[in-house]
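What follows is a short report on a single structure.
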2 protein chains.
Amino acid sequence: ALSWRLQAEFRRGASSSAFAPLDLFYKRHTGSGNPEANEKMLQVLGVKSIEELMDQTIPKSIRTTRKLSVGPKRAESEVLAELRQIAKQNELRRNFIGCGYYGTIMPPVIQRNILENPAWYTQYTPYQAEVAQGRLESLLNFQTMVGDLTGLPIANASLLDEGTAAAEAMSMCAAVSKRKKLRFFVDKDVHPQTIAVMKVRAEPMDIELVVDNWQQVQWDGADLCGALVQYPATDGTIHDYTSFVENAHAHGTRVVVASDLLALTMLRPPGEWGADIAVGSAQRFGVPMGYGGPSAAFFACRDDLKRLMPGRIIGISRDAQGKPALRMALQTREQHIRRDKATSNVCTAQALLANISAMYGLYHGPDGLRAIANRVQRFARTFAAAVGVGVSEKAAIFDTVRIDYPTTEAAQAVLARCDAAKLNVRSLGPRSISVSFDETHTRDDLQELVSAFRGPQRPCSGEELEQIAASLPPSGFGGLEPNLAQAFERTTAYMTHPVFHEYRTEHKMLRYIHQLAAKDLSLVHSMIPLGSCTMKLNATSEMIPVSWPEFSLPHPFTPPEQLRGYQRLFADLERDLADITGFAAVSLQPNSGAQGEYAGLMTFLAYHKARGQHQRKVCIVPTSAHGTNPASAKMAGMRIIPVGTDAQGNIDIAELRARAEQHRDQLAAAMITYPSTHGVFEEGIKEICDIIHTNGGLVYIDGANLNAQMGLTSPAEIGGDACHLNLHKTLTIPHGGGGPGVGAIAVTEALAPFLPSHPVRPVASAHPDTAIGPIAAAPYGSASILPIVWMFVKMMGSDGLREASEQAILNANYMAARLSPAYPILYRGKHGRCAHEFILDLRPFKLSAGVTESDVAKRLQDYGFHSPTMSWPVAGTLMIEPTESESIDELDRFCDAMLMIREEIRQIEQGRWDPQHNPLKYAPHTAEVVSADTWDRPYPREIGAFPASWLYARGKFWPRTSRIDDVYGDRNLVCSCPPVPEMMHPSTTG
Amino acid sequence: ALSWRLQAEFRRGASSSAFAPLDLFYKRHTGSGNPEANEKMLQVLGVKSIEELMDQTIPKSIRTTRKLSVGPKRAESEVLAELRQIAKQNELRRNFIGCGYYGTIMPPVIQRNILENPAWYTQYTPYQAEVAQGRLESLLNFQTMVGDLTGLPIANASLLDEGTAAAEAMSMCAAVSKRKKLRFFVDKDVHPQTIAVMKVRAEPMDIELVVDNWQQVQWDGADLCGALVQYPATDGTIHDYTSFVENAHAHGTRVVVASDLLALTMLRPPGEWGADIAVGSAQRFGVPMGYGGPSAAFFACRDDLKRLMPGRIIGISRDAQGKPALRMALQTREQHIRRDKATSNVCTAQALLANISAMYGLYHGPDGLRAIANRVQRFARTFAAAVGVGVSEKAAIFDTVRIDYPTTEAAQAVLARCDAAKLNVRSLGPRSISVSFDETHTRDDLQELVSAFRGPQRPCSGEELEQIAASLPPSGFGGLEPNLAQAFERTTAYMTHPVFHEYRTEHKMLRYIHQLAAKDLSLVHSMIPLGSCTMKLNATSEMIPVSWPEFSLPHPFTPPEQLRGYQRLFADLERDLADITGFAAVSLQPNSGAQGEYAGLMTFLAYHKARGQHQRKVCIVPTSAHGTNPASAKMAGMRIIPVGTDAQGNIDIAELRARAEQHRDQLAAAMITYPSTHGVFEEGIKEICDIIHTNGGLVYIDGANLNAQMGLTSPAEIGGDACHLNLHKTLTIPHGGGGPGVGAIAVTEALAPFLPSHPVRPVASAHPDTAIGPIAAAPYGSASILPIVWMFVKMMGSDGLREASEQAILNANYMAARLSPAYPILYRGKHGRCAHEFILDLRPFKLSAGVTESDVAKRLQDYGFHSPTMSWPVAGTLMIEPTESESIDELDRFCDAMLMIREEIRQIEQGRWDPQHNPLKYAPHTAEVVSADTWDRPYPREIGAFPASWLYARGKFWPRTSRIDDVYGDRNLVCSCPPVPEMMHPSTTG
Ligand SMILES: Cc1ncc(COP(=O)(O)O)c(C=O)c1O
Ligand SMILES: Cc1ncc(COP(=O)(O)O)c(C=O)c1O
Ligand SMILES: O=C([O-])O
């Protein structure tokens, strides 16, 4: 807000100046940046200084001597002002590019109260469903909307983007196929980025990808496991695929349809003409293009495919009172359980963006969406009629018009005029251009566009456009010739559930958004000590630039010279992330940690191939690794060799050596998490890397735990060849309740030539010849959330980042020290220290009191806390990661809760509490239960709901359901809004 | 966010176009803009159309035939884009003007989570304290901070601005004085706008205002009731007023000190050297200047003056469980009780801005504030040393440096160079200039400023500035010569309460802000049917521009040619508000409704005087008028003649006529609220106005009820001469929990020449010769919230505004119809209709069941609702105003609650419930009470807390205290954070 004042200041590190600004960020980010608190914690640990603690924690052999070079600690206002200047270097031209990305209006009430509201964006995936009923309800709305619009019964709660959604559909078709050799067909008029992503994904899975004209498929002998067509096609044409589907099904081929939710408000849905799977992007439902992302992809399928569905599915189950309650369904099919047998590696997806799109659907309702679609179609039809050349006025079109010129010169002249008028259109080849319309376009836009297409000889007036519009056939397809009408006109209702009809006014929308938010425990309430998730502060000044139009509006295929601000931001980030990881080069493209793993492994394979080592396909993955590691390796076509851990939880080096040597000729990679998923800086890490290298492999470091490393050591210094950084963990992108994320990868000099590029808009820093194809649909993945990371890095500076990691480690060790008298700490390093997280072993209490880790997790809700990570990486445990952003009193409050729960367990152990009828087993306690007139439990109500005094003082966060029955829900899968409105949306009827 | 797309579109009303945008605002603003709901409501009312209802409601004689001319209904995105263009016409230069307004950094976490959070800004004044403990706690923090910094024991919860705060202090001194003739001294080095406001206020109160040099007061015979000095003075000089105060007190003169909170972190506080009252602005504590406002003024005084204190005071009392609880204290001294005997007319003040300033204080704490002060002082001292000319390096200065040049030419040359460098400084007369520094300035700013002052011959480098800074005395005044050190150096601690030491990290601040928000019932939860308050939607797209730097940053005394955007906005608003009211001219200056009343009456007096009618000072005020009416008239020096109402609640016309005729030679004005405060369109209004006019008076229309009039009738058409518009009611500025507000006034052609102007920066539309002096400190009052109104008016358009008023009336009549079988409706119009609000008479239930209006109000909290206006305008009643923004189901839900409460009352009437021990008497029910193990009440717990099923479904809003004991708190007044931290800030210790 103060940009103009501070423009000049930022160029130098003003901190040594008597006039330096005072609003330094690092003090606000790190929770115990106050010397007294740290003094106290060090004292509890019996060390004299942070330095001493680091010496005890991080093996000397990997301790860095290098100081980070990202700059000094800086002031919030100053860094924000600098970014403002960078943003201004993005030129915002009018956009008609289309190709899967469209302008949209995010309703302001949704922008302010969801996108810009920490109560919506700070949570992780809703693993603790009892304190996440709000966003679970919203995601159920999303699934219902997608299911209705596609005409398919089962939809998931989002995937990363349309390109990868298509690739996931391909994998599903392959998985259900009984064929040995796998072929998959893609129509040539599918968006080019989708085809490119599918190509990358097909190759390691040994799927032959056939890209051709759908009308010319020779079905006999085609032997396809699946086929994907786009509806409408990338050039705007709408085809009747009915006979294509019939042929496909007759030949045992599954059909995937890439589509557009807005078009489906008027088009016959794929589910009605036989599609097995529908995929696409929900971006144009209220999520600005953001230069490519983030936005939610959708995925829907027939019922028989549901157990192979990728990503999260929200379903309805019941709670301990028998009332309906929501939670993630069918989790056993996900990677964290199935590992290399999982059908997908998707973990973080696009929950926040799916919620925004769902709310957009609620805000407009079916009629409002259809009105938007009608208007968009009117623009396209009017344009086609006004321009005339090579466009059939009668054709079935929705939002996109393709114009074919007789000569290259004619087409180039049009492109030149568009450029001069600062209108971005899409070139479809030397003689063809397409333009796409969206909700944001105005008549003036249309007039200028038509004028540019026609040239100075044939100017266009607003009146002319109105006249054309008045002469158009009725919106939709019913007014076209009968065969088209029948093929395309949607006749079935959609979004009929009351929830899509309730929220027409801003007050209603506002209250619904806040009602849902009030059901969810987030970082605005208390710390969320989810191990491996790094739930640190997502600072406001980091979030502010995300809303700036210069970052949120650009189309991903905008010519880069129009977006110098973004280019500068990417260059800065690539440099700084390379510095932090110690590597040489960075790709910002992956949209999640898991996608980063996949990108890294694909880079490894490209490297090996470039050296003639095509056979290197073995990947060593410790059994302690996160499920995404084996799942990603599997997707990369690798053979996974597991390696166990020793009694101390460290990787069994002897076993690793044996396996590496055994597979020395095939060894491609090992995937190592460091510090380990057990929260320990393993001493043997250098040796491990050496063994892999010696045997011809490369080491992939899972960067989930980078928060223990910044400025202290680095993935490069421990011996890795590549890593991902969950920018949504260490680098402060909020988790959004399950996404977005960015899994940028960093690699050595040797691997840099193979980092992914993009077929439509090459990545500036990628190698033009050797780069692998895209692993995401947009060149820079989720570009619009990268300013968050830029702000964080620039504000913290080199020292601030190091101090953050130090504080994270100090906080974890302090908590471990406070909790260890009560709970066994599962693993520790050589000197008894943990890294930035640690594991509490709950298994003894199963024996002593019948109390499980789940009982403790649910009981923590009664204390106003979100549980730590449950039963991962070790079943029967809780893994605690405090992060540097929590203050000592919050750490103490959490420890107090855990210690009080330990005393509760003792009540059972000592027979004072009944082993079945006690507050742990009945946890969590809802307001409804504790204020009911009947109470037949053998403990007082207060012990149920107010076990600690701070709950009165701070205000109690009430879980909204009693404990949820997962098994029941999976057995009776319901994953769209149930037909009885009272059931799940009682708020609409109360 | 989509500005660039829509720039051109807005110039025409695009709504008849086939390409018109679809995001029309009026549909989102009016709750029942859906035909079916309206149909249903009309049916209940037994009318066929809205038109018919209007015919039955609004007297024909005043029904307008004029269509508003504010334009068509428009789209949100389009209007926002237009305003973006207007904003860009404000040029943001670097500012050093000072004079009571300073740059400041609003911490982003406060901006996003308070200023931009509807859970903080949508409420009214905390009349229902049990559901307002959050902002009451924050306001208590504000009072504590002000009390500590000023060194005085009692502070209030904000006033409108520093100028009026000084005037209020003057009134207080006059009120406690036993003198007959009142003289009040003001030092000439007080800010000029403060002196100007005091002059306006002194005159009608018959106070002789003496403006002179404080050092030359001849105490003997001065006969002063009070004296005001500024500390530091407006030119930056800091004086030792010790002997001045001694003299004053020796002569029975009260001393008021205008001061600066930031300076007081290093300066000996006024309370320590004898000041009786301290006033000033808290603006620089985190609230951007906003071209003058809004921001909070502070007011603190000695204990013996507390019962005369203006504005709201938050105090600690106890609830029915004996626990500490907050509420507004000493309300009996306020205008709504004391009317023309009140000491002030302040009603709406600056609650939201006081909360922001309080949070700023918490965020920085005493040390952080002192560091900011030190840095500001360093800038000023360095500047003084670097420029040298006519500045004493040793003088006690804080943030402002005055430079006296030997010649006018020398000074003018400097001003010219500053202008060329786009630096705004303050000219203090022909040979003197001053510059003021603030938190936002950088070394580059300082360097450029020094360079401009020195001229091209003596350039200034950053290094030179660093060297100067290094040679400065220690910050504060301890390093100066001993007598200065002793006089000025602050030695006492401030903000020692733990609450000022807790919230250093963003996570802690964020959680505190959300903890407090969760205690307050706001429009994000449910409708707030406060009669006379018009709690309609405060739409997001209206709020968005408030945060734009072009509107939030300018200094109020910026040369107007730099702010063409603001000029355009003001011109548009003046035109549109004149159109809506039917008047000829508008002043945007008043900061509240009450201040509008005062401004209007002062305009009347100026008009009468201009016509030689100095004697016209009688003001007729109906007994049904809001307390601010008589209080404002009293402040304007008028004699108030009350007039009663007849049995139907209408003004007793016979009595009015008699009084008017009786005072025909002195009659200045009558103040009429229309529709009446009883919620009725009185048929006699034209006759009333005629009577007043016939007798030489003018009619002032209290515009609180404008929401029933837009496009249907108008204050001008009913016969008024002037009105205020509570822009914070009808025109959608949020109430902020008790402010900000804008009480713009509109007047006839004849009165236009007298509308207020401003001595520093004349108001563009004001008459240069005849305008009255300012009634607020800034030329355009609270300029930075005027974009809210502009957005609303432009988006609604002429038809939208009329439909809003129609819908407000329909909603009110529908509710009245639903409730009238259960509750007597106190007054109705000729055809049995109410206006946009109506009164339920609760007095019968006092007799039948011992149930009071307060019992019902508190019981509504259990149902999740905020009570309607209680016991105003008639004791023992509830006044309901639904507004147009509520949908039929929300109206129904509220009616259901009221009907269920009626049935509860029946339980008592019929002896089934104990008259003392029943849910109404025990209301509200806290979570703590209903989940306590002991429960000795004769009704089930569910009946207490969950009396309606929707409370389970939507989520229960829990009141945080049991019923609060007002009397106890007033008897034991505590209005700062209590010394035992556990008591009021348990969250800090939990
Ligand atoms: C160790 C580890 N690896 C990988 C991942 C996957 O990251 P993402 O969810 O961003 O795909 C996680 C997620 O928690 C993790 O903890
Ligand atoms: C009828 C009436 N007049 C005047 C006022 C005073 O307005 P303000 O609070 O803006 O000073 C009010 C406030 O509610 C009111 O209802
Ligand atoms: O605020 C009121 O006094 O209405």
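Naming works like this for the structure tokens: A, B, ... for the chains as they're shown, residue 1 at the start of each chain, ligands 1 onward in shown order.
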
Name the residues, by chain letter and number, that sit within 6 Å of ligand 2 using only C-alpha atoms and all ligand atoms, and give them as a JSON list (two decimals) with all heavy atoms, in the first residue's frame.
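For reference, selection23.json as written:
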```json
[["chain", "number", "residue", "atom", "x", "y", "z"],
["B", 347, "CYS", "N", -22.64, 10.09, 18.80],
["B", 347, "CYS", "CA", -23.31, 8.80, 18.80],
["B", 347, "CYS", "C", -22.36, 7.87, 18.03],
["B", 347, "CYS", "O", -21.43, 7.31, 18.61],
["B", 347, "CYS", "CB", -24.68, 8.98, 18.15],
["B", 347, "CYS", "SG", -25.71, 7.53, 18.11],
["B", 348, "THR", "N", -22.50, 7.77, 16.72],
["B", 348, "THR", "CA", -21.48, 7.08, 15.92],
["B", 348, "THR", "C", -20.14, 7.78, 16.13],
["B", 348, "THR", "O", -20.06, 9.01, 16.05],
["B", 348, "THR", "CB", -21.88, 7.12, 14.44],
["B", 348, "THR", "OG1", -22.93, 6.20, 14.23],
["B", 348, "THR", "CG2", -20.72, 6.79, 13.52],
["B", 532, "SER", "N", -33.85, 1.75, 12.84],
["B", 532, "SER", "CA", -33.20, 3.05, 12.70],
["B", 532, "SER", "C", -31.72, 2.93, 12.36],
["B", 532, "SER", "O", -31.02, 3.94, 12.25],
["B", 532, "SER", "CB", -33.37, 3.91, 13.97],
["B", 532, "SER", "OG", -33.30, 5.28, 13.63],
["B", 533, "CYS", "N", -31.22, 1.73, 12.19],
["B", 533, "CYS", "CA", -29.78, 1.54, 11.93],
["B", 533, "CYS", "C", -29.48, 1.02, 10.52],
["B", 533, "CYS", "O", -28.35, 1.11, 10.07],
["B", 533, "CYS", "CB", -29.17, 0.61, 12.96],
["B", 533, "CYS", "SG", -29.32, 1.26, 14.63],
["B", 592, "SER", "N", -20.66, 12.06, 10.93],
["B", 592, "SER", "CA", -21.68, 11.18, 11.52],
["B", 592, "SER", "C", -23.03, 11.83, 11.31],
["B", 592, "SER", "O", -23.11, 13.02, 10.94],
["B", 592, "SER", "CB", -21.43, 11.01, 13.02],
["B", 592, "SER", "OG", -21.71, 12.23, 13.69],
["B", 593, "GLY", "N", -24.06, 11.10, 11.59],
["B", 593, "GLY", "CA", -25.39, 11.66, 11.49],
["B", 593, "GLY", "C", -25.55, 12.85, 12.42],
["B", 593, "GLY", "O", -26.04, 13.91, 12.02],
["B", 594, "ALA", "N", -25.12, 12.67, 13.65],
["B", 594, "ALA", "CA", -25.27, 13.75, 14.63],
["B", 594, "ALA", "C", -24.50, 14.99, 14.18],
["B", 594, "ALA", "O", -24.96, 16.13, 14.34],
["B", 594, "ALA", "CB", -24.79, 13.28, 16.00],
["B", 626, "HIS", "N", -34.77, 11.22, 17.90],
["B", 626, "HIS", "CA", -33.56, 10.63, 18.44],
["B", 626, "HIS", "C", -32.86, 11.65, 19.32],
["B", 626, "HIS", "O", -32.92, 12.85, 19.04],
["B", 626, "HIS", "CB", -32.66, 10.24, 17.27],
["B", 626, "HIS", "CG", -31.53, 9.33, 17.65],
["B", 626, "HIS", "ND1", -30.31, 9.80, 18.05],
["B", 626, "HIS", "CD2", -31.44, 7.98, 17.68],
["B", 626, "HIS", "CE1", -29.51, 8.76, 18.30],
["B", 626, "HIS", "NE2", -30.17, 7.66, 18.09],
["B", 628, "THR", "N", -29.96, 12.60, 19.58],
["B", 628, "THR", "CA", -28.98, 13.49, 18.95],
["B", 628, "THR", "C", -29.63, 14.77, 18.47],
["B", 628, "THR", "O", -28.97, 15.81, 18.41],
["B", 628, "THR", "CB", -28.30, 12.82, 17.75],
["B", 628, "THR", "OG1", -29.30, 12.31, 16.86],
["B", 628, "THR", "CG2", -27.38, 11.70, 18.20],
["B", 702, "ASP", "N", -34.16, 14.66, 9.68],
["B", 702, "ASP", "CA", -33.20, 13.64, 10.12],
["B", 702, "ASP", "C", -33.28, 12.50, 9.13],
["B", 702, "ASP", "O", -34.31, 11.85, 8.99],
["B", 702, "ASP", "CB", -33.57, 13.18, 11.54],
["B", 702, "ASP", "CG", -32.62, 12.11, 12.07],
["B", 702, "ASP", "OD1", -32.13, 11.28, 11.27],
["B", 702, "ASP", "OD2", -32.37, 12.10, 13.29],
["B", 704, "ALA", "N", -32.02, 9.58, 8.96],
["B", 704, "ALA", "CA", -31.76, 8.19, 9.35],
["B", 704, "ALA", "C", -32.66, 7.21, 8.60],
["B", 704, "ALA", "O", -32.29, 6.07, 8.36],
["B", 704, "ALA", "CB", -31.95, 8.02, 10.86],
["B", 726, "ASN", "N", -27.31, 9.44, 6.62],
["B", 726, "ASN", "CA", -26.31, 8.58, 7.24],
["B", 726, "ASN", "C", -25.78, 7.68, 6.15],
["B", 726, "ASN", "O", -26.40, 6.67, 5.82],
["B", 726, "ASN", "CB", -26.93, 7.74, 8.36],
["B", 726, "ASN", "CG", -27.51, 8.59, 9.46],
["B", 726, "ASN", "OD1", -28.47, 9.30, 9.25],
["B", 726, "ASN", "ND2", -26.91, 8.53, 10.63],
["B", 741, "GLY", "N", -18.58, 6.73, 10.17],
["B", 741, "GLY", "CA", -19.81, 7.11, 9.53],
["B", 741, "GLY", "C", -19.57, 8.35, 8.71],
["B", 741, "GLY", "O", -18.52, 9.00, 8.83]]
```

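Set the cut-off at 6 Å, count only C-alpha atoms, and the residues of chain A near chain B turn out to be Ala1, Phe19, Arg28, Gly31, Pro108, Val109, Arg443, Thr505, Glu506, Arg511, Val524, His525, Thr540, Ser541, Pro549, Val930, Ser931, Ala932, Asp933, Pro940, Arg941, Glu942, Trp950, Ala953, Arg954, Pro986, Ser987 and Gly990 of chain A.
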
I need the residues of stretch 61-111 of chain B that end up classed as alpha helix (DSSP H) by DSSP on the backbone, written out as JSON, numbers by chain. {"B": [76, 77, 78, 79, 80, 81, 82, 83, 84, 85, 86, 87, 88, 108, 109, 110]}

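Of the residues listed (A:Val255, A:Val856, A:Met172, A:Leu330), A:Leu330 shows the shortest atom-to-atom separation from A:Val967; distances use only C-alpha atoms.
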
Between atom CA of A:Leu698 and atom CA of A:Ala167, what distance in Å does the model show, to one decimal? 26.2 Å

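One distance worth recording is that between atom CA of B:Gln412 and atom CA of B:Ala233, which is 23.3 Å.
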
Report as a ChimeraX atom specification all protein, DNA and RNA residues lying within 9 Å of B:Asn707, evaluated on only C-alpha atoms, omitting residues in the same chain fewer than 3 positions from it. /B:534,703-704,710,729-731,804-805,808-809,836,883-884

Strand (DSSP E) call set, DSSP backbone run, stretch 464-682 of chain B, as a ChimeraX atom specification: /B:585-587,618-622,639-643,667-673

Tell me, in Å to one decimal, how far atom CA of A:Phe865 is from atom CA of B:Ala517. 18.9 Å

Quick one: of A:Leu521, A:Ala812, A:Leu563, A:Ala349, who's nearest to ligand 1, counting only C-alpha atoms and all ligand atoms? A:Ala349

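Comparing A:Pro560, A:Gly365, A:Gly531, A:Pro642 by their smallest distance to ligand 1, the closest is A:Gly531 (using only C-alpha atoms and all ligand atoms).
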
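Distance check against ligand 1 using only C-alpha atoms and all ligand atoms: of A:Pro590, A:Gly800, A:Pro269, A:Pro978, the minimum falls on A:Pro590.
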
Close residues, B:Gln907 itself excluded, 9 Å, only C-alpha atoms, min 6 positions apart in chain, as a list in words: Ala849, Trp913 and Asp914 of chain B
